[in-house]
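Notes for the one structure printed next.
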Amino acid sequence: MTQKRADLSKIKTVSIKQRKSKVTPSDFGMPFEAEGDSFRQFVRGLPRILVAEDLRAIVSAVVTARRKGAPVLLLMGAHVVKVGLNPILIDLLKREIITSVSMNSAAAIHDVETAFWGKTSEDVAETMIDGKFGMAKETGDLINMTLSDAYRETDLGYGEALGKKLLDLKAPNNNVSLLANCVLLNVPVTVHAAIGTDIVHQQPTMDGAATGEMSFRDFRELCSLCRGLTRVGVVLNIGSAVIMPEVFLK
């Protein structure tokens, strides 16, 4: 049986002149001349549509917050480190644009590995086959033992303990470490672990009590940082779809 087709003859239309439209040529992007144009002109030439307009809104909110002395809290996931953005974020820390850094514990692992050994991000597909994924001894020993010692001997939190350890050990690549630079610049840095999610959790040096307490100390610090948020304060969540949004929600 053939389905009867809809009769469109009685449809009511409206004039485009009265219809609300979200895009006009004035919103379009402008060409960038490699010779002569400044970066400011490049930004001004971006379309005033979707993500480019979102970028302008974020920049405006951050500028307003810092001019009024309100905080700009950065929440971040591991891929922010893996795709090489640490130097840019460190520059923003030094310029006092970002006022605190909070990351999931995977980001801390990549940061520590980069700072101390100059490499990170193993080939998961390859190492899963022979059972070697996440078994880098040095990574587990450094992070887990740092947390255990700080848990028993200090009042430091997860992020500060790792950053201080990197500085104490004079890690060769501390210049690109968020953890080390936050401690060096006296910027609050917190790390938020979900136990069982990270490669250091499956190693024999893992201390669940230490990891849990150190992460809880940092949760309480982030709560305190959030108290400083006002109508103009800004929270940026970059590269974390689950852990950091959930921590911030709580």
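The chains in the structure tokens are called A, B, ... from first to last as shown; in each chain the residues are counted from 1, and the ligands are counted from 1 in the order shown.
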Give me the residues near segment 158-171 of chain A as number ranges by chain, where near means some atom within 7 Å (using only C-alpha atoms) and where sequence neighbours in that chain fewer than 4 positions away do not count. A: 115-116, 146-147, 150, 179-180, 183, 189-191, 214-215, 218
Spatial neighbours of segment 93-109 of chain A, max dist 6 Å, only C-alpha atoms, sep filter under 4 positions, as a ChimeraX atom specification: /A:71-78,187-193
May I have the residues within 12 Å of Val59 of chain A as a list in words, using only C-alpha atoms and disregarding those fewer than 4 positions away in the same chain? Val43, Ala52, Glu53, Asp54, Leu55, Val63, Thr64, Ala65, Arg66, Val72, Ile97, Ile98, Val234 and Leu236 of chain A
From segment 71-237 of chain A, collect each residue whose DSSP state is alpha helix (DSSP H) and return the set as a PyMOL selection string. chain A and resi 79-82+86-94+105-117+124-129+137-153+158-168+178-185+208-226
Please list as a PyMOL selection string every residue within 10 Å of Gly45 of chain A, counting only C-alpha atoms and excluding residues in the same chain fewer than 6 positions away. chain A and resi 27-32+39+52
Excluding Arg227 of chain A and its own-chain neighbours fewer than 6 positions away, which residues fall within 12 Å of it when counting only C-alpha atoms? Please give them as JSON, numbers by chain. {"A": [70, 71, 73, 220, 221, 233, 248]}
With all heavy atoms kept, could you save the residues just selected as a PDB file, in the first residue's frame?
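The resulting file, selection-v8.pdb, is reproduced below:
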ATOM      1  N   ALA A  70      38.755  39.474  39.797  1.00  0.00           N
ATOM      2  CA  ALA A  70      38.078  38.198  40.012  1.00  0.00           C
ATOM      3  C   ALA A  70      38.933  37.059  39.460  1.00  0.00           C
ATOM      4  O   ALA A  70      39.736  37.257  38.541  1.00  0.00           O
ATOM      5  CB  ALA A  70      36.708  38.204  39.330  1.00  0.00           C
ATOM      6  N   PRO A  71      38.789  35.841  39.992  1.00  0.00           N
ATOM      7  CA  PRO A  71      39.651  34.737  39.562  1.00  0.00           C
ATOM      8  C   PRO A  71      39.261  34.153  38.208  1.00  0.00           C
ATOM      9  O   PRO A  71      38.120  34.263  37.765  1.00  0.00           O
ATOM     10  CB  PRO A  71      39.437  33.693  40.676  1.00  0.00           C
ATOM     11  CG  PRO A  71      38.050  33.964  41.184  1.00  0.00           C
ATOM     12  CD  PRO A  71      37.880  35.455  41.087  1.00  0.00           C
ATOM     13  N   LEU A  73      39.660  30.404  36.935  1.00  0.00           N
ATOM     14  CA  LEU A  73      40.025  29.048  37.317  1.00  0.00           C
ATOM     15  C   LEU A  73      40.100  28.158  36.082  1.00  0.00           C
ATOM     16  O   LEU A  73      39.153  28.112  35.297  1.00  0.00           O
ATOM     17  CB  LEU A  73      38.990  28.466  38.291  1.00  0.00           C
ATOM     18  CG  LEU A  73      39.065  28.851  39.773  1.00  0.00           C
ATOM     19  CD1 LEU A  73      39.030  30.353  39.975  1.00  0.00           C
ATOM     20  CD2 LEU A  73      37.926  28.190  40.546  1.00  0.00           C
ATOM     21  N   ARG A 220      39.082  20.019  48.620  1.00  0.00           N
ATOM     22  CA  ARG A 220      38.735  21.069  49.581  1.00  0.00           C
ATOM     23  C   ARG A 220      39.367  22.403  49.194  1.00  0.00           C
ATOM     24  O   ARG A 220      38.752  23.468  49.371  1.00  0.00           O
ATOM     25  CB  ARG A 220      39.193  20.648  50.984  1.00  0.00           C
ATOM     26  CG  ARG A 220      38.395  19.469  51.541  1.00  0.00           C
ATOM     27  CD  ARG A 220      39.064  18.870  52.763  1.00  0.00           C
ATOM     28  NE  ARG A 220      39.236  19.867  53.813  1.00  0.00           N
ATOM     29  CZ  ARG A 220      40.092  19.724  54.836  1.00  0.00           C
ATOM     30  NH1 ARG A 220      40.857  18.654  54.908  1.00  0.00           N
ATOM     31  NH2 ARG A 220      40.172  20.661  55.759  1.00  0.00           N
ATOM     32  N   GLU A 221      40.573  22.347  48.633  1.00  0.00           N
ATOM     33  CA  GLU A 221      41.214  23.598  48.182  1.00  0.00           C
ATOM     34  C   GLU A 221      40.448  24.202  47.011  1.00  0.00           C
ATOM     35  O   GLU A 221      40.248  25.417  46.953  1.00  0.00           O
ATOM     36  CB  GLU A 221      42.667  23.351  47.785  1.00  0.00           C
ATOM     37  CG  GLU A 221      43.382  24.625  47.370  1.00  0.00           C
ATOM     38  CD  GLU A 221      44.876  24.456  47.189  1.00  0.00           C
ATOM     39  OE1 GLU A 221      45.388  23.366  47.459  1.00  0.00           O
ATOM     40  OE2 GLU A 221      45.521  25.435  46.769  1.00  0.00           O
ATOM     41  N   GLY A 233      33.666  36.292  37.794  1.00  0.00           N
ATOM     42  CA  GLY A 233      34.685  35.254  37.824  1.00  0.00           C
ATOM     43  C   GLY A 233      34.469  34.269  36.680  1.00  0.00           C
ATOM     44  O   GLY A 233      33.354  34.099  36.185  1.00  0.00           O
ATOM     45  N   PHE A 248      33.742  19.932  39.717  1.00  0.00           N
ATOM     46  CA  PHE A 248      33.271  21.317  39.841  1.00  0.00           C
ATOM     47  C   PHE A 248      31.793  21.359  40.225  1.00  0.00           C
ATOM     48  O   PHE A 248      31.374  22.195  41.031  1.00  0.00           O
ATOM     49  CB  PHE A 248      33.495  22.060  38.524  1.00  0.00           C
ATOM     50  CG  PHE A 248      33.056  23.499  38.570  1.00  0.00           C
ATOM     51  CD1 PHE A 248      33.720  24.417  39.360  1.00  0.00           C
ATOM     52  CD2 PHE A 248      31.963  23.938  37.832  1.00  0.00           C
ATOM     53  CE1 PHE A 248      33.313  25.747  39.422  1.00  0.00           C
ATOM     54  CE2 PHE A 248      31.554  25.261  37.879  1.00  0.00           C
ATOM     55  CZ  PHE A 248      32.228  26.166  38.677  1.00  0.00           C
TER      56      PHE A 248
END
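Running DSSP on the backbone gives strand (DSSP E or B) for these residues within segment 152-192 of chain A: A:Val189, A:Thr190, A:Val191, A:His192.
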Hey, can you check how far atom CA of Gln203 of chain A sits from atom CA of Met135 of chain A? 7.1 Å
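For the pair atom CA of Asn237 of chain A and atom CA of Val80 of chain A, the separation is 10.6 Å.
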Counting only C-alpha atoms, which residues in segment 151-230 of chain A sit no more than 9 Å from segment 87-90 of chain A? For each one, give the nearest pair of atoms and the distance in Å, sorted by chain then residue number, as CSV.
residue,atom,partner,partner_atom,distance
A:Asn175,CA,A:Pro87,CA,8.1
A:Val176,CA,A:Pro87,CA,5.7
A:Ser177,CA,A:Ile90,CA,8.1
A:Leu178,CA,A:Ile90,CA,6.4
A:Asn181,CA,A:Ile90,CA,6.9
A:Cys182,CA,A:Ile90,CA,8.2
Rounded to one decimal in Å, what is the spacing between atom CA of Val81 of chain A and atom CA of Leu185 of chain A?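 Rounded to one decimal, the two atoms are 18.8 Å apart.
Omitting Gly196 of chain A and its sequence neighbours fewer than 2 positions away, and counting only C-alpha atoms, the residues within 12 Å are A:Ser105, A:Ala106, A:Gly134, A:Ala193, A:Ala194, A:Asp198, A:Ile199, A:Val200, A:His201, A:Gln202, A:Gln203, A:Met206, A:Asp207, A:Gly208, A:Thr211, A:Gly212.
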Could the residues in this selection be saved with N, CA, C and O atoms as a compact mmCIF listing (two decimals), in the first residue's frame?
# COMPACT_ATOMS: atom_id res chain seq x y z
N SER A 105 44.00 13.41 37.34
CA SER A 105 45.30 12.83 37.67
C SER A 105 46.03 12.29 36.45
O SER A 105 47.26 12.14 36.48
N ALA A 106 45.31 12.02 35.36
CA ALA A 106 45.99 11.63 34.12
C ALA A 106 46.83 12.79 33.58
O ALA A 106 47.94 12.59 33.08
N GLY A 134 50.77 0.89 30.84
CA GLY A 134 50.71 1.47 32.17
C GLY A 134 51.70 0.89 33.16
O GLY A 134 51.57 1.11 34.37
N ALA A 193 41.81 12.81 41.52
CA ALA A 193 41.94 11.42 41.06
C ALA A 193 40.64 10.66 41.21
O ALA A 193 39.91 10.84 42.19
N ALA A 194 40.36 9.81 40.25
CA ALA A 194 39.31 8.79 40.38
C ALA A 194 40.06 7.46 40.48
O ALA A 194 40.65 7.01 39.49
N ASP A 198 43.93 5.42 36.51
CA ASP A 198 45.25 5.84 36.04
C ASP A 198 46.28 4.72 36.10
O ASP A 198 46.18 3.80 36.92
N ILE A 199 47.32 4.84 35.27
CA ILE A 199 48.31 3.78 35.17
C ILE A 199 49.06 3.56 36.48
O ILE A 199 49.50 2.44 36.76
N VAL A 200 49.21 4.59 37.29
CA VAL A 200 49.95 4.42 38.55
C VAL A 200 49.15 3.65 39.59
O VAL A 200 49.70 3.19 40.59
N HIS A 201 47.85 3.50 39.36
CA HIS A 201 47.00 2.81 40.34
C HIS A 201 47.16 1.30 40.29
O HIS A 201 46.79 0.60 41.24
N GLN A 202 47.68 0.77 39.21
CA GLN A 202 47.79 -0.68 39.06
C GLN A 202 49.17 -1.20 39.45
O GLN A 202 49.46 -2.38 39.31
N GLN A 203 50.00 -0.30 39.97
CA GLN A 203 51.36 -0.69 40.32
C GLN A 203 51.51 -0.95 41.82
O GLN A 203 50.74 -0.43 42.63
N MET A 206 51.27 1.76 44.67
CA MET A 206 50.02 2.51 44.88
C MET A 206 49.56 2.39 46.33
O MET A 206 49.50 1.30 46.90
N ASP A 207 49.26 3.53 46.94
CA ASP A 207 48.72 3.60 48.29
C ASP A 207 47.36 4.29 48.20
O ASP A 207 47.29 5.50 48.03
N GLY A 208 46.30 3.51 48.30
CA GLY A 208 44.95 4.06 48.14
C GLY A 208 44.61 5.11 49.16
O GLY A 208 43.95 6.13 48.85
N THR A 211 46.54 8.32 48.15
CA THR A 211 45.98 8.93 46.94
C THR A 211 44.63 9.57 47.23
O THR A 211 44.34 10.69 46.79
N GLY A 212 43.80 8.86 47.97
CA GLY A 212 42.48 9.39 48.30
C GLY A 212 42.55 10.65 49.15
O GLY A 212 41.86 11.64 48.87
